[in-house]
Amino acid sequence: MGKQLLRWLLAGTFVGLAIGAVIGLVLSRFIKLPAVESLTSYRPSAATQVRARDGSLIATFANERRIPLTTEQIPSVFRDAVIAVEDASFYRHTGVDPKGIARAVFRNLLSRRTTGQGGSTITQQLARTLFLTPEKRWDRKVKEAVLAIEIEQKFSKDQIFTLYANQVNFGHGNYGVEAASRFYLGKPAGQLTLPEAALLAGLPQRPTDLSPISNPSRALSRRNHVLERMFEERMIDAAALRTARETPLAVDPHYDRNPTAAYFIEEVRRAVEDRFGSRQMLEGGLHVETTLDPNLQARAESSLREGLVALQRRLGWPRARRNLQVEGIGDLHGWRDPSWSFLEWRKGELVHAVVLEPREKAASLTIAGRSAELLLESARWTGRNDLTRIMNRGDVLLVRLGEVRPDHTKPIPVELEPEPRVEGSLVVIDNRTGAILALVGGFDFDRSQFDRAMQAKRQCGSAFKPFVFLAAWEQGFSPNETIYDGPCLLPDQSGLPTYVPLNYERKYFGTITLREALERSHNASAVKLQQMVTGDSVIDVARRLGMKEKLAPYPTLALGAFEVTLVDLAAAYSGIANRGEVAEPYFISRVKDADGKVIGESRPRVRQALRPEVAYLMTHVMEGVIDRGTAGSAAGLPGNLAGKTGTTDDYTDAWFIGSTPRITCGGWVGRDLKEPIGRKMTGAEAALPTWIRFMKPYLEALPDSIRNEEFAVPTGVVLVPVDKRTGLRATPACGNDVLLEAVLAGHEPPECSPQMHSIADLGWLEQLPYYTPRPNEPPTTAAAIEAAFSKMAGQDQSRKAGN
């Protein structure tokens with residue numbers, strides 16, 4: 001009797017469905033339903049893709065991460081898996097599956113509620129996703145069926161499946177099979193294996209509950225169910241089923257953020273949103289081509305991190321940045337650091353670790369679920385002999401990985417490193433185009449998203465001096481000419497003659513060449529030179545080279561007392577290295593819409609800011625900064641390099657900007673709050689080492705023809721051997737104190753006589769007959785000398801910009 005009742009119930013259901021379908025088709029013209037025709041031009045919301053200059057994908061911006069595929073691009077193994085588990089009669093029904101609906105109705109009657117189990121074809125799921133709400137109501141099911149029948153009438157099965165495969169939710173913000181495949185498996189959908197395709201095909205039923213990241217056991221069970229359905233539908237044989245079932249999940253989530261380009265990507269995101277709006281950026285499927293060089297970016301990121309860690313070691317142990325137990329996080333094993341998503345597990349890698357049990361001679365730690373051990377020997381540099389005096393349970397420490405063994409049962413040996421309290425930034429610019437090839441805005445993007453390369457405005461100290469000397473070259477000065485490096489009284493900002501520029505060494509050097517004044521970064525000479533050429537001329541040069549911030553012609557302008565951004569300063573230096581042609585820095589080269597049409601493009605914007613001969617004089621002198629001056633620690637690098645150090649009052653900011661004929665790399669080190677970095681932390685001590693860390697491998701990797709490329713000597717410049725002390729044309733009496741100096745044609749110096757060479761040793765300006773004081777040169781007075789040395793004695797901690 002029970003079986004007969006069931007047959008009558010099923011028969012009634014079939015009849016009801018048939019009648020309902022006919023009525024639905026008639027009512028669809030009278031009830032308000034979405035227009036299925038809109039699918040003809042339907043385009044699913046797609047993520048904006050951001051690519052590096054080599055075409056590699058570095059980021060996506062989206063509310064829903066989606067990368068649409070064409071019908072031909074969807075792998076057959078995935079299509080078979082979906083059809084097997086979701087809608088085995090997909091290619092036979094006309095939108096609805098009566099048998100499936102009957103099964104669903106029967107289950108609902110037995111459970112006395114609407115369970116939503118089964119019954120919906122792939123076409124119905126598509127209709128619900130695109131046009132309806134997910135609420136479980138009978139009227140929605142009727143609309144869903146009517147829409148599915150209409151969709152089947154107007155679109156082919158392949159078109160319907162393509163829409164479904166691009167639209168469906170796979171969890172963790174990924175929509176469509178391509179985005180899901182890249183996220184869960186790190187590969188395009190076209191490379192899916194059978195077990196991988198089955199895994200993805202099983203997710204749309206309940207993306208959150210079946211997530212292989214959050215619930216791997218459920219995901220494995222669901223994957224195997226899909227494989228069994230494929231076997232039942234004769235899509236795979238028993239051997240393939242057995243092999244696929246034995247394959248582990250092997251899920252490796254790939255998040256959008258590039259671990260070595262976070263600051264760069266954030267600048268791109270802001271620029272795209274400002275230009276095209278949030279909706280188009282998040283849903284429009286834009287293609288953004290950037291100037292980023294992935295190799296240089298990775299090197300810049302590593303150089304800055306390692307440089308700041310090494311600097312913090314010199315400054316001393318700063319203690320742990322945070323403690324999880326103090327923050328109320330009791331599950332130390334379950335806590336995850338954001339950086340762990342990008343771990344490569346290679347020896348020497350810097351990574352955060354959580355202290356589980358500190359002991360006197362050794363400490364137990366955990367890193368992304370793996371155990372690690374830190375011995376006291378690796379922490380001796382802190383000056384402590386007991387690890388419990390350095391760390392507490394729950395501390396998050398920065399460590400360096402030792403040998404990572406395949407055996408997960410043995411702890412990984414690690415060495416203690418200090419997480420820097422200082423910050424830094426690095427930018428690399430193509431001299432000829434202005435393209436930003438690499439940009440790092442801080443030690444750790446997860447720690448602080450503030451971009452110190454493009455957003456921070458800081459005093460640049462002596463890194464501003466080249467603008468002073470460029471103004472002098474434009475007014476006819478030459479690097480070989482001399483100036484008297486001595487104290488002088490100058491007006492302060494209120495106009496009173498109270499300002500006396502102090503040299504970093506706290507002494508003065510008498511008669512020196514302008515070359516030596518810049519190579520050794522003597523403050524008194526730079527300020528006096530600015531007075532001679534006028535502050536307005538210096539500001540004019542800085543403006544032409546792209547300096548946008550507020551500047552005023554005070555004497556302290558020469559010493560970088562005004563604030564600038566690293567990217568602007570580096571771009572100005574790149575213009576000097578590029579024969580006076582300054583290129584406006586940019587990081588987005590082209591933006592295309594989803595159809596591939598160019599809707600935004602940045603072409604190099606280059607202008608002649610300086611005469612080529614003037615720019616070359618500056619470059620030639622800045623080569624000497626590295627060969628003989630304050631940046632002498634970089635003299636051993638291969639290739640031809642020019643640059644300048646910069647330090648501000650009380651060592652709060654350290655800079656080094658340096659160029660090759662092709663690129664310019666600028667670096668800044670300091671603290672976010674204007675506080676001293678540390679005692680004697682000049683540009684040469686704090687910033688230059690990071691610059692060297694970046695440039696050394698970069699230069700060594702270049703072909704010889706590029707690495708040995710020289711700064712081209714322009715017409716109008718002659719190279720003359722001169723005596724280093726007097727700046728006059730060298731003679732045999734000069735001995736070895738000779739260098740090849742660049743001077744403007746027609747400004748060649750006279751020969752240096754033995755008498756002049758001897759007098760120069762005395763350092764007295766008045767005894768040099770070839771010297772003629774320039775207009776506006778500040779006089780050296782007894783009052784100035786007294787004020788200067790009084791200031792030196794009374795203000796030992798004061799530094800008016802240094803090296």
# chains A, B, ... in the order shown; residues from 1 in each chain; ligands from 1

call {"tool": "select_by_dssp", "arguments": {"residues": "range 65-296 of chain A", "states": "strand (DSSP E or B)", "output": "JSON, numbers by chain"}}
result
{"A": [65, 169, 170, 171, 174, 175, 284, 287, 288, 289, 290]}

call {"tool": "write_last_selection", "arguments": {"atoms": "N, CA and C atoms", "output": "compact mmCIF listing (two decimals), in the first residue's frame"}}
result
# COMPACT_ATOMS: atom_id res chain seq x y z
N ARG A 65 36.19 38.31 -6.11
CA ARG A 65 37.32 37.96 -6.98
C ARG A 65 36.81 37.04 -8.08
N ASN A 169 29.63 31.03 -6.49
CA ASN A 169 30.48 31.36 -5.35
C ASN A 169 31.24 30.12 -4.88
N PHE A 170 32.57 30.26 -4.79
CA PHE A 170 33.41 29.16 -4.34
C PHE A 170 33.97 29.39 -2.94
N GLY A 171 33.56 30.47 -2.29
CA GLY A 171 34.02 30.73 -0.93
C GLY A 171 35.24 31.63 -0.87
N ASN A 174 35.81 34.29 -3.60
CA ASN A 174 36.16 33.88 -4.96
C ASN A 174 34.91 33.44 -5.71
N TYR A 175 34.72 34.04 -6.87
CA TYR A 175 33.57 33.71 -7.72
C TYR A 175 34.09 33.29 -9.08
N GLY A 284 34.57 46.16 -12.56
CA GLY A 284 34.68 46.39 -14.00
C GLY A 284 35.66 45.54 -14.76
N HIS A 287 42.16 46.07 -16.50
CA HIS A 287 43.51 45.51 -16.59
C HIS A 287 44.49 46.66 -16.42
N VAL A 288 45.22 46.66 -15.32
CA VAL A 288 46.13 47.75 -15.00
C VAL A 288 47.57 47.28 -15.22
N GLU A 289 48.26 47.93 -16.14
CA GLU A 289 49.66 47.61 -16.41
C GLU A 289 50.53 48.63 -15.68
N THR A 290 51.44 48.15 -14.87
CA THR A 290 52.26 49.03 -14.06
C THR A 290 53.73 48.98 -14.50

call {"tool": "select_by_dssp", "arguments": {"residues": "range 384-606 of chain A", "states": "alpha helix (DSSP H)", "output": "JSON, numbers by chain"}}
result
{"A": [465, 466, 467, 468, 469, 470, 471, 472, 473, 474, 514, 515, 516, 517, 518, 519, 523, 524, 525, 526, 527, 528, 529, 530, 531, 532, 533, 535, 536, 537, 538, 539, 540, 541, 542, 543, 544, 566, 567, 568, 569, 570, 571, 572, 573, 574, 575, 576, 577]}

call {"tool": "write_last_selection", "arguments": {"atoms": "C-alpha atoms", "output": "compact mmCIF listing (two decimals), in the first residue's frame"}}
result
# COMPACT_ATOMS: atom_id res chain seq x y z
CA LYS A 465 72.91 70.70 -1.27
CA PRO A 466 73.17 69.65 -4.94
CA PHE A 467 70.48 72.23 -5.77
CA VAL A 468 72.70 74.95 -4.26
CA PHE A 469 75.72 73.87 -6.29
CA LEU A 470 73.65 73.52 -9.47
CA ALA A 471 72.56 77.14 -9.08
CA ALA A 472 76.25 78.02 -8.77
CA TRP A 473 77.20 76.07 -11.93
CA GLU A 474 74.45 77.92 -13.81
CA LEU A 514 83.65 73.61 -4.32
CA ARG A 515 84.09 69.95 -5.20
CA GLU A 516 85.55 69.20 -1.79
CA ALA A 517 82.84 71.28 -0.13
CA LEU A 518 80.17 68.98 -1.59
CA GLU A 519 82.14 65.72 -1.41
CA ASN A 523 77.74 73.10 5.83
CA ALA A 524 79.46 76.46 6.14
CA SER A 525 80.58 76.39 2.51
CA ALA A 526 77.13 75.36 1.25
CA VAL A 527 75.38 78.16 3.15
CA LYS A 528 77.93 80.75 2.00
CA LEU A 529 77.57 79.55 -1.59
CA GLN A 530 73.79 79.89 -1.39
CA GLN A 531 74.21 83.47 -0.17
CA MET A 532 76.42 84.14 -3.16
CA VAL A 533 74.02 82.75 -5.77
CA GLY A 535 68.28 81.54 -2.23
CA ASP A 536 65.75 82.37 -4.95
CA SER A 537 68.08 80.89 -7.59
CA VAL A 538 68.40 77.71 -5.53
CA ILE A 539 64.62 77.44 -5.21
CA ASP A 540 64.26 77.97 -8.95
CA VAL A 541 66.59 75.03 -9.64
CA ALA A 542 64.74 72.82 -7.16
CA ARG A 543 61.37 73.69 -8.72
CA ARG A 544 62.60 72.90 -12.22
CA LEU A 566 61.57 60.66 -1.05
CA VAL A 567 60.04 60.06 -4.47
CA ASP A 568 60.34 63.74 -5.44
CA LEU A 569 63.94 63.95 -4.28
CA ALA A 570 64.88 60.74 -6.07
CA ALA A 571 63.17 61.97 -9.26
CA ALA A 572 65.17 65.21 -9.08
CA TYR A 573 68.43 63.26 -8.76
CA SER A 574 67.40 61.04 -11.67
CA GLY A 575 66.97 64.19 -13.77
CA ILE A 576 70.50 65.30 -12.89
CA ALA A 577 71.88 61.89 -13.89

call {"tool": "residues_around", "arguments": {"residues": "Val606 in chain A", "least_positions_apart": "2", "cutoff": "10 Å", "atoms": "only C-alpha atoms", "output": "PDB file with C-alpha atoms, in the first residue's frame"}}
result
ATOM      1  CA  ASN A 431      66.164  57.915 -15.208  1.00  0.00           C
ATOM      2  CA  ARG A 432      64.999  58.145 -18.809  1.00  0.00           C
ATOM      3  CA  THR A 433      61.272  57.630 -18.376  1.00  0.00           C
ATOM      4  CA  GLY A 434      60.431  58.336 -14.729  1.00  0.00           C
ATOM      5  CA  GLY A 575      66.971  64.186 -13.771  1.00  0.00           C
ATOM      6  CA  GLY A 580      69.311  67.502 -16.996  1.00  0.00           C
ATOM      7  CA  GLU A 581      66.197  65.881 -18.491  1.00  0.00           C
ATOM      8  CA  VAL A 582      63.871  65.253 -15.578  1.00  0.00           C
ATOM      9  CA  ALA A 583      61.079  62.710 -16.044  1.00  0.00           C
ATOM     10  CA  GLU A 584      57.928  62.947 -13.949  1.00  0.00           C
ATOM     11  CA  PRO A 585      57.677  59.777 -11.837  1.00  0.00           C
ATOM     12  CA  ARG A 603      53.459  58.263 -21.295  1.00  0.00           C
ATOM     13  CA  PRO A 604      56.859  59.443 -20.058  1.00  0.00           C
ATOM     14  CA  GLN A 608      64.834  69.743 -19.983  1.00  0.00           C
ATOM     15  CA  ALA A 609      65.253  71.218 -16.496  1.00  0.00           C
TER      16      ALA A 609
END

call {"tool": "residues_around", "arguments": {"residues": "Ile213 in chain A", "least_positions_apart": "3", "cutoff": "9 Å", "atoms": "only C-alpha atoms", "output": "PDB file with C-alpha atoms, in the first residue's frame"}}
result
ATOM      1  CA  TYR A 184      42.946  27.448  -3.577  1.00  0.00           C
ATOM      2  CA  LEU A 210      32.947  22.866   2.795  1.00  0.00           C
ATOM      3  CA  PRO A 216      39.475  20.257   5.306  1.00  0.00           C
ATOM      4  CA  ALA A 219      36.011  19.295   1.897  1.00  0.00           C
ATOM      5  CA  VAL A 251      45.377  23.212  -0.848  1.00  0.00           C
ATOM      6  CA  ASP A 252      47.683  26.223  -0.670  1.00  0.00           C
ATOM      7  CA  PRO A 253      45.692  29.469  -0.434  1.00  0.00           C
TER       8      PRO A 253
END

call {"tool": "residues_around", "arguments": {"residues": "range 709-723 of chain A", "least_positions_apart": "6", "cutoff": "7 Å", "atoms": "only C-alpha atoms", "output": "ChimeraX atom specification"}}
result
/A:612-613,616,640,661,729-730,734,737-745

call {"tool": "closest_residue", "arguments": {"among": "A:Val396, A:Leu374, A:Pro207, A:Val440", "to": "Ala298 in chain A", "atoms": "only C-alpha atoms"}}
result
A:Val440

call {"tool": "atom_distance", "arguments": {"atom1": "CA of Glu306 in chain A", "atom2": "CA of Ala353 in chain A"}}
result
17.2 Å

call {"tool": "closest_residue", "arguments": {"among": "A:Thr388, A:Ser602, A:Gln297, A:Gln449", "to": "Tyr263 in chain A", "atoms": "only C-alpha atoms"}}
result
A:Gln449

call {"tool": "closest_residue", "arguments": {"among": "A:Ile367, A:Cys752, A:Leu673, A:Val621", "to": "Ala456 in chain A", "atoms": "only C-alpha atoms"}}
result
A:Leu673

call {"tool": "residues_around", "arguments": {"residues": "Asp627 in chain A", "least_positions_apart": "4", "cutoff": "10 Å", "atoms": "only C-alpha atoms", "output": "JSON, numbers by chain"}}
result
{"A": [519, 621, 622, 623, 631, 632, 633, 634, 635, 636, 640, 641, 642]}

call {"tool": "residues_around", "arguments": {"residues": "Asp337 in chain A", "least_positions_apart": "3", "cutoff": "10 Å", "atoms": "only C-alpha atoms", "output": "list in words"}}
result
Trp340, Ser341, Val351, His352, Ala353, Val354, Ile367, Ala368, Val396 and Asp446 of chain A

call {"tool": "write_last_selection", "arguments": {"atoms": "N, CA, C and O atoms", "output": "compact mmCIF listing (two decimals), in the first residue's frame"}}
result
# COMPACT_ATOMS: atom_id res chain seq x y z
N TRP A 340 52.61 34.83 7.50
CA TRP A 340 52.80 33.40 7.33
C TRP A 340 52.19 32.88 6.04
O TRP A 340 52.55 31.80 5.57
N SER A 341 51.24 33.62 5.47
CA SER A 341 50.65 33.18 4.21
C SER A 341 51.66 33.19 3.07
O SER A 341 51.44 32.54 2.05
N VAL A 351 61.04 35.92 9.79
CA VAL A 351 59.65 35.57 10.00
C VAL A 351 59.29 35.82 11.46
O VAL A 351 60.16 35.81 12.35
N HIS A 352 58.02 36.07 11.72
CA HIS A 352 57.55 36.22 13.09
C HIS A 352 57.31 34.85 13.72
O HIS A 352 56.85 33.92 13.05
N ALA A 353 57.60 34.77 15.00
CA ALA A 353 57.38 33.54 15.76
C ALA A 353 56.75 33.90 17.10
O ALA A 353 56.94 35.00 17.61
N VAL A 354 56.00 32.95 17.66
CA VAL A 354 55.34 33.15 18.95
C VAL A 354 56.05 32.31 20.01
O VAL A 354 56.29 31.11 19.81
N ILE A 367 55.76 28.63 14.63
CA ILE A 367 55.70 29.42 13.40
C ILE A 367 54.74 28.72 12.44
O ILE A 367 55.05 27.64 11.95
N ALA A 368 53.59 29.31 12.23
CA ALA A 368 52.62 28.76 11.28
C ALA A 368 52.34 27.28 11.55
O ALA A 368 52.26 26.47 10.62
N VAL A 396 55.60 38.01 20.44
CA VAL A 396 55.78 37.81 19.00
C VAL A 396 57.14 38.39 18.64
O VAL A 396 57.36 39.60 18.75
N ASP A 446 51.91 45.15 7.08
CA ASP A 446 50.93 44.74 8.08
C ASP A 446 51.08 45.55 9.36
O ASP A 446 50.12 45.73 10.11

call {"tool": "atom_distance", "arguments": {"atom1": "CA of Ser478 in chain A", "atom2": "CA of Lys550 in chain A"}}
result
28.6 Å

call {"tool": "closest_residue", "arguments": {"among": "A:Ala271, A:Leu292, A:Ala198, A:Leu324", "to": "Ser76 in chain A", "atoms": "only C-alpha atoms"}}
result
A:Ala198

call {"tool": "atom_distance", "arguments": {"atom1": "CA of Glu675 in chain A", "atom2": "CA of Thr652 in chain A"}}
result
5.4 Å
